[in-house]
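Printed here is query.cif (mmCIF, C-alpha atoms):
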data_model
#
loop_
_atom_site.label_atom_id
_atom_site.label_comp_id
_atom_site.auth_asym_id
_atom_site.auth_seq_id
_atom_site.Cartn_x
_atom_site.Cartn_y
_atom_site.Cartn_z
CA MET A 142 22.05 -2.95 13.31
CA GLY A 143 22.77 -6.66 13.03
CA GLU A 144 21.88 -6.63 9.34
CA LEU A 145 23.69 -3.39 8.45
CA ALA A 146 27.00 -4.88 7.28
CA SER A 147 25.23 -7.45 5.10
CA GLN A 148 22.99 -4.75 3.60
CA VAL A 149 26.04 -2.64 2.68
CA ALA A 150 27.74 -5.70 1.17
CA HIS A 151 24.56 -6.54 -0.77
CA ALA A 152 24.37 -2.98 -2.13
CA GLN A 153 28.01 -3.16 -3.23
CA ARG A 154 27.52 -6.55 -4.87
CA ALA A 155 24.08 -6.14 -6.48
CA SER A 156 23.92 -2.48 -7.50
CA ALA A 157 26.31 -0.96 -10.03
CA ALA A 158 25.61 2.51 -8.62
CA PHE A 159 26.33 1.53 -5.03
CA ALA A 160 29.36 -0.53 -6.07
CA ASP A 161 30.76 2.77 -7.33
CA ILE A 162 29.49 4.99 -4.48
CA LEU A 163 30.60 2.55 -1.74
CA ALA A 164 33.83 1.40 -3.42
CA SER A 165 36.04 2.56 -0.54
CA VAL A 166 33.78 1.15 2.19
CA ASP A 167 34.70 -2.03 4.10
CA ALA A 168 31.21 -3.52 4.48
CA PRO A 169 32.01 -5.88 7.40
CA SER A 170 33.14 -2.88 9.48
CA ILE A 171 29.75 -1.13 9.22
CA THR A 172 28.29 -2.43 12.49
CA SER A 173 27.41 0.67 14.51
CA ARG A 174 25.57 3.96 14.20
CA THR A 175 28.94 5.72 14.09
CA ALA A 176 30.03 3.54 11.18
CA LEU A 177 26.69 4.13 9.47
CA ALA A 178 27.19 7.89 9.81
CA SER A 179 30.51 7.56 7.97
CA LEU A 180 28.87 6.23 4.80
CA PRO A 181 28.56 8.63 1.86
CA VAL A 182 25.10 10.16 1.43
CA THR A 183 23.54 10.00 -2.02
CA ARG A 184 21.48 13.11 -2.49
CA LYS A 185 18.30 13.07 -4.55
CA THR A 186 19.94 15.36 -7.11
CA GLN A 187 22.83 12.88 -7.48
CA LEU A 188 20.39 10.00 -7.93
CA LEU A 189 18.52 11.95 -10.60
CA ASP A 190 21.75 12.95 -12.37
CA ARG A 191 22.91 9.33 -12.47
CA GLN A 192 19.53 8.09 -13.75
CA LYS A 193 19.42 10.78 -16.45
CA ALA A 194 22.96 10.01 -17.57
CA GLN A 195 22.15 6.31 -17.99
CA ARG A 196 18.50 6.52 -19.20
CA ALA A 197 19.23 4.87 -22.56
CA GLN A 198 20.99 1.85 -21.01
CA ASP A 199 19.42 1.62 -17.53
CA PRO A 200 16.56 3.94 -16.48
CA MET A 201 17.29 3.12 -12.81
CA GLY A 202 20.84 4.44 -13.13
CA GLY A 203 22.37 1.27 -11.72
CA PHE A 204 20.56 1.56 -8.38
CA ALA A 205 18.06 -1.28 -8.84
CA THR A 206 19.06 -4.68 -7.50
CA GLN A 207 16.06 -6.46 -9.02
CA SER A 208 14.87 -6.94 -12.57
CA TYR A 209 11.52 -6.23 -14.19
CA GLY A 210 8.80 -8.80 -13.72
CA THR A 211 8.22 -10.88 -10.64
CA GLU A 212 11.00 -9.22 -8.63
CA MET A 213 9.89 -5.65 -9.45
CA PRO A 214 6.10 -5.53 -9.81
CA GLN A 215 5.80 -1.71 -9.92
CA ILE A 216 7.84 1.34 -10.84
CA PHE A 217 6.94 4.86 -9.80
CA ALA A 218 8.10 8.21 -11.18
CA SER A 219 8.64 11.03 -8.74
CA PRO A 220 9.32 14.56 -9.96
CA GLY A 221 12.50 14.74 -12.00
CA PRO A 222 11.55 12.11 -13.05
CA ILE A 223 13.26 9.82 -10.59
CA TYR A 224 12.27 6.22 -11.22
CA GLU A 225 11.62 4.25 -8.05
CA PRO A 226 11.10 0.49 -8.18
CA GLU A 227 8.96 -1.34 -5.67
CA GLY A 228 9.76 -4.91 -4.66
CA ARG A 229 7.53 -7.66 -3.29
CA ALA A 230 8.37 -7.50 0.44
CA ALA A 231 5.30 -7.03 2.65
CA ASP A 232 6.63 -3.72 4.01
CA TYR A 233 8.90 -2.89 1.09
CA TRP A 234 9.19 0.81 1.97
CA ARG A 235 9.70 0.04 5.69
CA THR A 236 6.99 2.44 6.82
CA ALA A 237 4.86 0.03 8.90
CA ARG A 238 6.49 1.19 12.13
CA ALA A 239 5.43 4.77 11.42
CA VAL A 240 1.84 3.73 10.65
CA PHE A 241 1.77 1.68 13.87
CA ALA A 242 3.27 4.62 15.81
CA ALA A 243 0.46 6.80 14.44
CA GLY A 244 -1.97 4.56 16.33
CA PHE A 245 -3.26 2.21 13.64
CA ARG A 246 -3.74 -1.43 14.61
CA ALA A 247 -4.59 -4.72 12.94
CA GLY A 248 -8.25 -4.77 11.93
CA ASP A 249 -8.47 -1.01 11.38
CA LEU A 250 -9.73 0.44 8.11
CA ILE A 251 -7.49 3.24 6.83
CA HIS A 252 -8.61 5.79 4.24
CA ASN A 253 -5.43 6.42 2.22
CA CYS A 254 -5.51 9.68 0.29
CA PHE A 255 -1.92 9.76 -0.88
CA SER A 256 -1.52 9.61 -4.63
CA TYR A 257 -1.34 6.25 -6.32
CA HIS A 258 -0.52 7.89 -9.64
CA PHE A 259 3.15 8.04 -10.63
CA THR A 260 4.56 8.64 -7.12
CA PRO A 261 5.03 5.88 -4.52
CA ALA A 262 3.33 7.63 -1.56
CA GLY A 263 0.00 5.81 -1.88
CA SER A 264 1.66 2.44 -2.26
CA MET A 265 4.07 3.16 0.60
CA MET A 266 1.21 3.73 3.01
CA SER A 267 -0.88 0.83 1.66
CA CYS A 268 2.03 -1.60 2.04
CA ALA A 269 2.66 -0.38 5.60
CA ALA A 270 -0.99 -0.62 6.61
CA ARG A 271 -1.38 -4.10 5.17
CA ALA A 272 1.86 -5.22 6.86
CA ILE A 273 0.36 -4.46 10.28
CA GLY A 274 -2.96 -6.07 9.38
CA CYS A 275 -5.08 -3.08 8.39
CA THR A 276 -7.53 -2.87 5.52
CA VAL A 277 -6.96 0.04 3.14
CA PHE A 278 -9.45 2.12 1.19
CA PRO A 279 -7.18 3.45 -1.62
CA GLY A 280 -8.78 6.83 -2.17
CA GLY A 281 -5.85 8.61 -3.74
CA THR A 282 -6.34 12.27 -4.56
CA GLY A 283 -9.32 13.91 -6.17
CA GLN A 284 -13.03 13.08 -6.27
CA THR A 285 -13.44 14.78 -2.91
CA GLU A 286 -17.22 14.49 -2.72
CA GLN A 287 -17.11 10.76 -3.45
CA GLN A 288 -14.35 10.27 -0.88
CA VAL A 289 -16.31 12.12 1.79
CA GLN A 290 -19.26 9.86 1.05
CA ALA A 291 -17.01 6.77 1.31
CA MET A 292 -15.69 8.03 4.66
CA ALA A 293 -19.21 8.53 5.95
CA GLU A 294 -20.31 5.07 4.86
CA LEU A 295 -17.16 3.01 5.54
CA ARG A 296 -16.24 4.82 8.80
CA PRO A 297 -12.48 4.30 8.68
CA ALA A 298 -10.40 4.34 11.86
CA GLY A 299 -8.38 7.15 10.33
CA TYR A 300 -6.97 9.03 7.41
CA ILE A 301 -3.53 8.87 5.84
CA GLY A 302 -2.70 11.67 3.43
CA THR A 303 -1.74 15.31 3.21
CA PRO A 304 -3.20 17.81 5.69
CA SER A 305 -4.40 20.04 2.84
CA PHE A 306 -6.48 17.27 1.26
CA CYS A 307 -7.85 16.31 4.67
CA ALA A 308 -8.96 19.93 5.19
CA LEU A 309 -11.24 19.57 2.15
CA PHE A 310 -13.01 16.70 3.91
CA TRP A 311 -13.59 18.61 7.12
CA ARG A 312 -14.95 21.64 5.26
CA ARG A 313 -17.59 19.31 3.84
CA GLN A 314 -18.25 17.52 7.13
CA THR A 315 -21.55 19.23 7.91
CA ARG A 316 -22.87 18.51 4.43
CA TRP A 317 -22.08 14.80 4.72
CA ALA A 318 -22.50 14.49 8.50
CA LEU A 319 -19.39 12.39 9.06
CA PRO A 320 -19.85 10.03 12.02
CA TYR A 321 -16.59 10.90 13.80
CA PRO A 322 -15.21 14.10 15.34
CA ALA A 323 -13.03 16.52 13.40
#
Turn the structure described in the file into structure tokens.
Amino acid sequence: MGELASQVAHAQRASAAFADILASVDAPSITSRTALASLPVTRKTQLLDRQKAQRAQDPMGGFATQSYGTEMPQIFASPGPIYEPEGRAADYWRTARAVFAAGFRAGDLIHNCFSYHFTPAGSMMSCAARAIGCTVFPGGTGQTEQQVQAMAELRPAGYIGTPSFCALFWRRQTRWALPYPA
């Protein structure tokens, strides 16, 4: 909460979109959960509409606070498409706490089966795992047989991905004789 007011001020100063969206907000007064709850919510549809309207001038729709190159090493495209930049911070997506809460610890090997293609999910989980000191096997989606073999040989501490893709692994468990319980 100590950084909230400065984050709001940064958004107003560095992002054309948030300068507009937060124009009536007094950033220094945003210091509590109650004040946070008073901020306007930008819905995904609004973000997409703004990006589409400005595609020719700014594909990010004025939301990005960094420029291409060293500040923004990757851009993803979620359905819409909504363009989502990724910065250089170790836990850029701020998901390390969730990975830690799921039981992963430094030194663990994580088999990450979220997509690394277009959408940020794979990168989100990889960044989080690396931020807490884990090693990541970036499996992505597809090539199920090869991934089952990699699981059997690498013996990861766990899996990160969708339940439906994980179910494919367990259906093949007897064929590959995975070394850990289902």
Residue with the minimum atom-to-atom distance to Arg229 in chain A, picked from A:Thr276, A:Ser173, A:Ser264, A:Asn253 with only C-alpha atoms counted, is A:Ser264
Computed gap from CA of Val289 in chain A to CA of Phe306 in chain A is 11.1 Å
A straight line from CA of Ala293 in chain A to CA of Cys254 in chain A spans 14.9 Å
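Among A:Cys275, A:Thr282, A:Pro222, A:Glu227, the residue with the shortest atom-to-atom distance to Tyr209 in chain A, counting only C-alpha atoms, is A:Glu227.
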Check your understanding: So which residues get picked by the PyMOL selection byres ((chain A and resi 280) around 9) here, written as a list in words?
Key -> His252, Asn253, Cys254, Phe255, Ser256, Tyr257, Gly263, Val277, Phe278, Pro279, Gly281, Thr282, Gly283, Gln284, Gln288 and Ala291 of chain A
**Request:** Can you pull out every residue within 6 Å of Phe217 in chain A, counting all atoms listed in the file, but drop anything in the same chain fewer than 5 positions away, and send it as a PyMOL selection string?
**Result:** chain A and resi 224-225+259-261
Using CA of Arg271 in chain A and CA of Thr211 in chain A as the two end points, give the distance in Å to one decimal.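 Computing it gives 19.7 Å between the two atoms.
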- Smallest atom-to-atom distance to Ile216 in chain A: which of A:His258, A:His151, A:Thr175, A:Ile301, using all atoms listed in the file?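 For Ile216 in chain A, the nearest of the candidates is A:His258.
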* **Polymer residues at most 6 Å from range 158-167 of chain A, all atoms listed in the file, same-chain spacing of 3 or more positions, as a VMD selection string** => chain A and resid 152 to 153 170 203 to 204
Env of Val149 in chain A: 8 Å cut, atoms = only C-alpha atoms, seq-sep filter 4 positions within chain, self excluded. Answer as a tab-separated table (two decimals) with C-alpha atoms, keeping the file's coordinate frame.
chain	number	residue	atom	x	y	z
A	145	LEU	CA	23.69	-3.39	8.45
A	153	GLN	CA	28.01	-3.16	-3.23
A	168	ALA	CA	31.21	-3.52	4.48
A	171	ILE	CA	29.75	-1.13	9.22
Q) Which is closest to Ala176 in chain A among A:Asp249, A:Ala146, A:Ala269, A:Gln195, if we use all atoms listed in the file? A)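 Ranked by minimum distance to Ala176 in chain A, first place goes to A:Ala146.
Once Arg174 in chain A and its same-chain neighbours fewer than 4 positions away are set aside, A:Met142, A:Ala178, A:Ser179 remain within 9 Å of it when counting all atoms listed in the file.
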Picked residues, the PyMOL selection byres ((chain A and resi 236) around 9), as a ChimeraX atom specification
/A:232-235,237-241,265-266,268-270
Margin query: Around (23.0, 3.6, -14.1), as given in the file, which residues come within 10 Å? Count only C-alpha atoms and list them as a ChimeraX atom specification.
Written below: /A:156-159,188,190-205
Report task. Would you please work out which residue, of A:Met213, A:Ala272, A:Ala155, A:Ala150, is nearest to Phe245 in chain A when using only C-alpha atoms? Result ->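 Among the listed residues, the smallest separation from Phe245 in chain A belongs to A:Ala272.
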Checklist line | Ground truth for the PyMOL selection byres ((chain A and resi 296) around 10), written as a PyMOL selection string | finding: chain A and resi 250-252+290-295+297-299+319-321
Of A:Gly228, A:Pro220, A:Pro169, A:Gly244, the one sitting nearest Gln148 in chain A when using only C-alpha atoms is A:Pro169
